[in-house]
Amino acid sequence: MPRLSGVLSFVLTILLVPAAGLAPAADAQGLHPHAAVASTVSSSAGAVLEERVIGHSVLGRPIRAWHLGDPASPVKAVFIGAMHGDEAQPSRILQNLRDGRTIMGADVWVVPFMNPDGVHRHTRRNAHGVDLNRNFPVHWIRQGGSFYSGPRPASEPETQAMMAFLAEIRPAYVVSFHQPLFGVDTSFSKTRALGRRLSRYLRLPRKRFNCNNGCHGTMTQWFNQTLPGAAITVEYAHHLTFRQKYRTGPRGLLRSVGATR
Ligand SMILES: [Zn+2]
């Protein structure tokens with residue numbers, strides 16, 4: 001049946017030519033979501049599933065979150081850096097996770113720079129002069145100076161962006177990185193097990209941080225009181241070693257939430 005085979009071959013050509021062109025991506029999407037992203041983002045972004053702008057700073061800088069890890073994992077974790085703009089060295093740990101190999105065993109988001117204006121100016125506070133870690137709407141009080149808590153609870157766009165993001169993701173674990181108090185916070189009973197793991201794997205002592213005045217309007221207070229997961233503060237020293245940034249930091253952080261890469 002020459003005529004039918006001609007029609008068939010025409011139809012098959014139409015079907016197969018584009019299909020063949022798409023085959024690697026389609027296969028990769030179906031079987032290896034990480035590989036699919038790596039092929040479209042860049043070879044150095046093996047861990048990245050998605051990049052998202054979760055909000056903007058006072059001066060309009062994007063606050064970026066990167067989705068890493070296994071989205072099917074029931075264990076969700078969010079790692080946050082540079083809420084205080086002059087404490088940005090631990091952000092390198094989060095950037096290294098983002099730029100490294102595929103992460104398995106947990107669904108991970110990193111926000112290396114929560115306060116991009118502060119990072120740009122190398123200041124603790126945001127461009128309104130507000131200490132974002134005193135601006136959250138739990139136990140908020142008026143505070144001044146370096147701990148200026150803002151005109152009202154959650155007044156700042158950076159605070160609002162993080163609240164909306166965490167309320168959407170609802171992570172089991174939130175780790176917020178600061179400097180220079182060198183320790184893992186033990187203030188919240190809700191975070192005891194996580195704190196022990198972070199202390200062991202990041203090689204930092206366990207300490208109780210009281211925020212100079214008993215803590216008011218901090219992100220961990222807000223999260224621990226409002227959402228089901230556990231949020232904890234981790235403070236590195238003034239200076240992070242290469243090993244902390246590139247080895248013990250990324251590896252220990254993942255291990256603390258049951259992940260690996
Ligand atoms: Zn801090």
# chains A, B, ... in the order shown; residues from 1 in each chain; ligands from 1
>>> residues_around(residues="A:Ser187", least_positions_apart="3", cutoff="9 Å", atoms="only C-alpha atoms", output="list in words")
Lys190, Thr191, Arg192, Lys207, Arg208, Phe209, Asn210 and Ile232 of chain A
>>> residues_around(residues="A:Leu166", least_positions_apart="6", cutoff="9 Å", atoms="only C-alpha atoms", output="list in words")
Val78, Val174, Phe223 and Leu227 of chain A
>>> closest_residue(among="A:Ile169, A:Met114, A:Leu49, A:Val184", to="A:Val75", atoms="only C-alpha atoms")
A:Ile169
>>> residues_around(residues="stretch 126-128 of chain A", least_positions_apart="2", cutoff="8 Å", atoms="only C-alpha atoms", output="VMD selection string")
chain A and resid 57 to 59 84 to 85 115 117 to 118 123 to 124 130 to 132
>>> closest_residue(among="A:Arg134, A:Arg251, A:Arg142, A:Arg61", to="A:Leu198", atoms="only C-alpha atoms")
A:Arg251
>>> select_by_dssp(residues="stretch 189-257 of chain A", states="alpha helix (DSSP H)", output="compact mmCIF listing (two decimals) with N, CA, C and O atoms, in the first residue's frame")
# COMPACT_ATOMS: atom_id res chain seq x y z
N ARG A 192 15.22 22.33 70.08
CA ARG A 192 16.32 21.68 70.82
C ARG A 192 17.05 20.63 69.97
O ARG A 192 18.28 20.64 69.90
N ALA A 193 16.30 19.74 69.35
CA ALA A 193 16.94 18.66 68.58
C ALA A 193 17.70 19.24 67.38
O ALA A 193 18.84 18.85 67.11
N LEU A 194 17.09 20.18 66.69
CA LEU A 194 17.77 20.84 65.55
C LEU A 194 19.03 21.55 66.04
O LEU A 194 20.08 21.46 65.39
N GLY A 195 18.93 22.22 67.16
CA GLY A 195 20.08 22.94 67.71
C GLY A 195 21.24 22.02 68.04
O GLY A 195 22.41 22.35 67.81
N ARG A 196 20.91 20.86 68.58
CA ARG A 196 21.97 19.89 68.91
C ARG A 196 22.68 19.41 67.65
O ARG A 196 23.90 19.31 67.61
N ARG A 197 21.89 19.14 66.60
CA ARG A 197 22.50 18.67 65.35
C ARG A 197 23.36 19.77 64.71
O ARG A 197 24.47 19.52 64.26
N LEU A 198 22.83 21.00 64.69
CA LEU A 198 23.59 22.10 64.10
C LEU A 198 24.89 22.32 64.87
O LEU A 198 25.95 22.55 64.28
N SER A 199 24.81 22.27 66.18
CA SER A 199 26.00 22.47 67.01
C SER A 199 27.06 21.41 66.69
O SER A 199 28.24 21.72 66.51
N ARG A 200 26.62 20.17 66.59
CA ARG A 200 27.57 19.08 66.33
C ARG A 200 28.15 19.18 64.93
O ARG A 200 29.36 19.13 64.74
N TYR A 201 27.29 19.36 63.93
CA TYR A 201 27.77 19.26 62.55
C TYR A 201 28.42 20.55 62.05
O TYR A 201 29.24 20.52 61.13
N LEU A 202 28.05 21.71 62.63
CA LEU A 202 28.70 22.96 62.23
C LEU A 202 29.87 23.30 63.15
O LEU A 202 30.58 24.28 62.95
N MET A 219 12.73 37.25 64.03
CA MET A 219 12.12 36.35 63.06
C MET A 219 11.87 34.98 63.67
O MET A 219 10.83 34.36 63.42
N THR A 220 12.83 34.49 64.46
CA THR A 220 12.65 33.15 65.03
C THR A 220 11.48 33.13 66.02
O THR A 220 10.71 32.16 66.05
N GLN A 221 11.33 34.20 66.80
CA GLN A 221 10.17 34.28 67.70
C GLN A 221 8.87 34.20 66.90
O GLN A 221 7.96 33.45 67.25
N TRP A 222 8.80 35.02 65.86
CA TRP A 222 7.58 35.05 65.04
C TRP A 222 7.30 33.68 64.45
O TRP A 222 6.19 33.16 64.54
N PHE A 223 8.33 33.08 63.84
CA PHE A 223 8.11 31.79 63.16
C PHE A 223 7.72 30.71 64.17
O PHE A 223 6.75 29.96 63.95
N ASN A 224 8.46 30.63 65.26
CA ASN A 224 8.20 29.55 66.23
C ASN A 224 6.83 29.67 66.88
O ASN A 224 6.23 28.67 67.26
N GLN A 225 6.33 30.87 66.99
CA GLN A 225 5.03 31.06 67.61
C GLN A 225 3.89 30.93 66.60
O GLN A 225 2.77 30.61 66.97
N THR A 226 4.17 31.20 65.32
CA THR A 226 3.10 31.33 64.33
C THR A 226 2.94 30.10 63.45
O THR A 226 1.84 29.77 63.02
N PHE A 242 37.89 29.38 55.44
CA PHE A 242 37.59 28.75 54.14
C PHE A 242 36.88 27.41 54.37
O PHE A 242 35.90 27.10 53.69
N ARG A 243 37.37 26.68 55.35
CA ARG A 243 36.79 25.37 55.65
C ARG A 243 35.32 25.48 56.08
O ARG A 243 34.48 24.68 55.68
N GLY A 249 30.52 23.99 56.71
CA GLY A 249 29.27 24.74 56.66
C GLY A 249 28.22 24.08 55.78
O GLY A 249 27.17 23.65 56.27
N PRO A 250 28.48 23.99 54.46
CA PRO A 250 27.49 23.36 53.58
C PRO A 250 27.16 21.92 53.98
O PRO A 250 26.00 21.53 54.04
N ARG A 251 28.19 21.15 54.28
CA ARG A 251 27.98 19.74 54.59
C ARG A 251 27.21 19.57 55.90
O ARG A 251 26.27 18.79 56.01
N GLY A 252 27.63 20.34 56.92
CA GLY A 252 27.00 20.23 58.24
C GLY A 252 25.56 20.71 58.23
O GLY A 252 24.69 20.13 58.89
N LEU A 253 25.32 21.76 57.46
CA LEU A 253 23.96 22.31 57.39
C LEU A 253 23.02 21.27 56.77
O LEU A 253 21.91 21.03 57.29
N LEU A 254 23.44 20.66 55.67
CA LEU A 254 22.61 19.65 55.03
C LEU A 254 22.39 18.46 55.97
O LEU A 254 21.27 17.97 56.12
N ARG A 255 23.45 18.05 56.61
CA ARG A 255 23.34 16.88 57.51
C ARG A 255 22.36 17.15 58.65
O ARG A 255 21.65 16.26 59.10
N SER A 256 22.32 18.40 59.10
CA SER A 256 21.44 18.79 60.22
C SER A 256 19.97 18.62 59.87
O SER A 256 19.14 18.50 60.76
>>> residues_near_ligand(ligand="ligand 1", cutoff="7 Å", atoms="only C-alpha atoms and all ligand atoms", output="PyMOL selection string")
chain A and resi 83-84+87+178-179
>>> write_last_selection(atoms="C-alpha atoms", output="mmCIF file, in the first residue's frame")
data_model
loop_
_atom_site.group_PDB
_atom_site.id
_atom_site.type_symbol
_atom_site.label_atom_id
_atom_site.label_comp_id
_atom_site.auth_asym_id
_atom_site.auth_seq_id
_atom_site.Cartn_x
_atom_site.Cartn_y
_atom_site.Cartn_z
ATOM 1 C CA MET A 83 19.219 39.589 57.638
ATOM 2 C CA HIS A 84 21.811 41.973 59.064
ATOM 3 C CA GLU A 87 26.864 39.789 58.784
ATOM 4 C CA HIS A 178 24.271 35.829 61.838
ATOM 5 C CA GLN A 179 27.655 36.946 63.190
#
>>> closest_residue(among="A:Ala106, A:Ala154, A:Leu240, A:Ile141", to="A:Gly214", atoms="only C-alpha atoms")
A:Ile141
>>> residues_around(residues="A:Ser91", least_positions_apart="3", cutoff="12 Å", atoms="only C-alpha atoms", output="PyMOL selection string")
chain A and resi 79-88+94-98+110-116+119+175-179+234-236+240+244-246+249-250
>>> select_by_dssp(residues="stretch 12-198 of chain A", states="strand (DSSP E or B)", output="PyMOL selection string")
chain A and resi 48-56+62-69+76-80+104+107-111+173-178+183-185
>>> closest_residue(among="A:Ala161, A:Val138, A:Ile103, A:Ala259", to="A:Gly217", atoms="only C-alpha atoms")
A:Val138
>>> residues_around(residues="A:Asp70", least_positions_apart="3", cutoff="6 Å", atoms="only C-alpha atoms", output="list in words")
Ser73, Met104, Ala106 and Asp107 of chain A
>>> write_last_selection(atoms="all heavy atoms", output="short mmCIF file (atom, residue, chain, number, x, y, z; two decimals), in the first residue's frame")
data_model
loop_
_atom_site.label_atom_id
_atom_site.label_comp_id
_atom_site.auth_asym_id
_atom_site.auth_seq_id
_atom_site.Cartn_x
_atom_site.Cartn_y
_atom_site.Cartn_z
N SER A 73 10.47 15.55 48.80
CA SER A 73 10.78 15.20 50.19
C SER A 73 9.81 15.90 51.14
O SER A 73 9.50 17.07 50.98
CB SER A 73 12.20 15.63 50.53
OG SER A 73 12.42 15.50 51.93
N MET A 104 20.02 15.89 47.93
CA MET A 104 19.02 14.83 48.11
C MET A 104 18.62 14.74 49.58
O MET A 104 19.40 15.10 50.46
CB MET A 104 19.60 13.48 47.67
CG MET A 104 19.90 13.42 46.18
SD MET A 104 21.00 12.05 45.76
CE MET A 104 22.55 12.62 46.44
N ALA A 106 16.13 16.23 51.27
CA ALA A 106 15.30 17.31 51.83
C ALA A 106 14.96 18.29 50.72
O ALA A 106 15.65 18.37 49.70
CB ALA A 106 16.02 18.03 52.97
N ASP A 107 13.87 19.00 50.95
CA ASP A 107 13.42 20.05 50.03
C ASP A 107 13.94 21.37 50.61
O ASP A 107 13.47 21.80 51.66
CB ASP A 107 11.89 20.02 49.99
CG ASP A 107 11.32 20.92 48.92
OD1 ASP A 107 12.02 21.22 47.95
OD2 ASP A 107 10.15 21.33 49.07
#
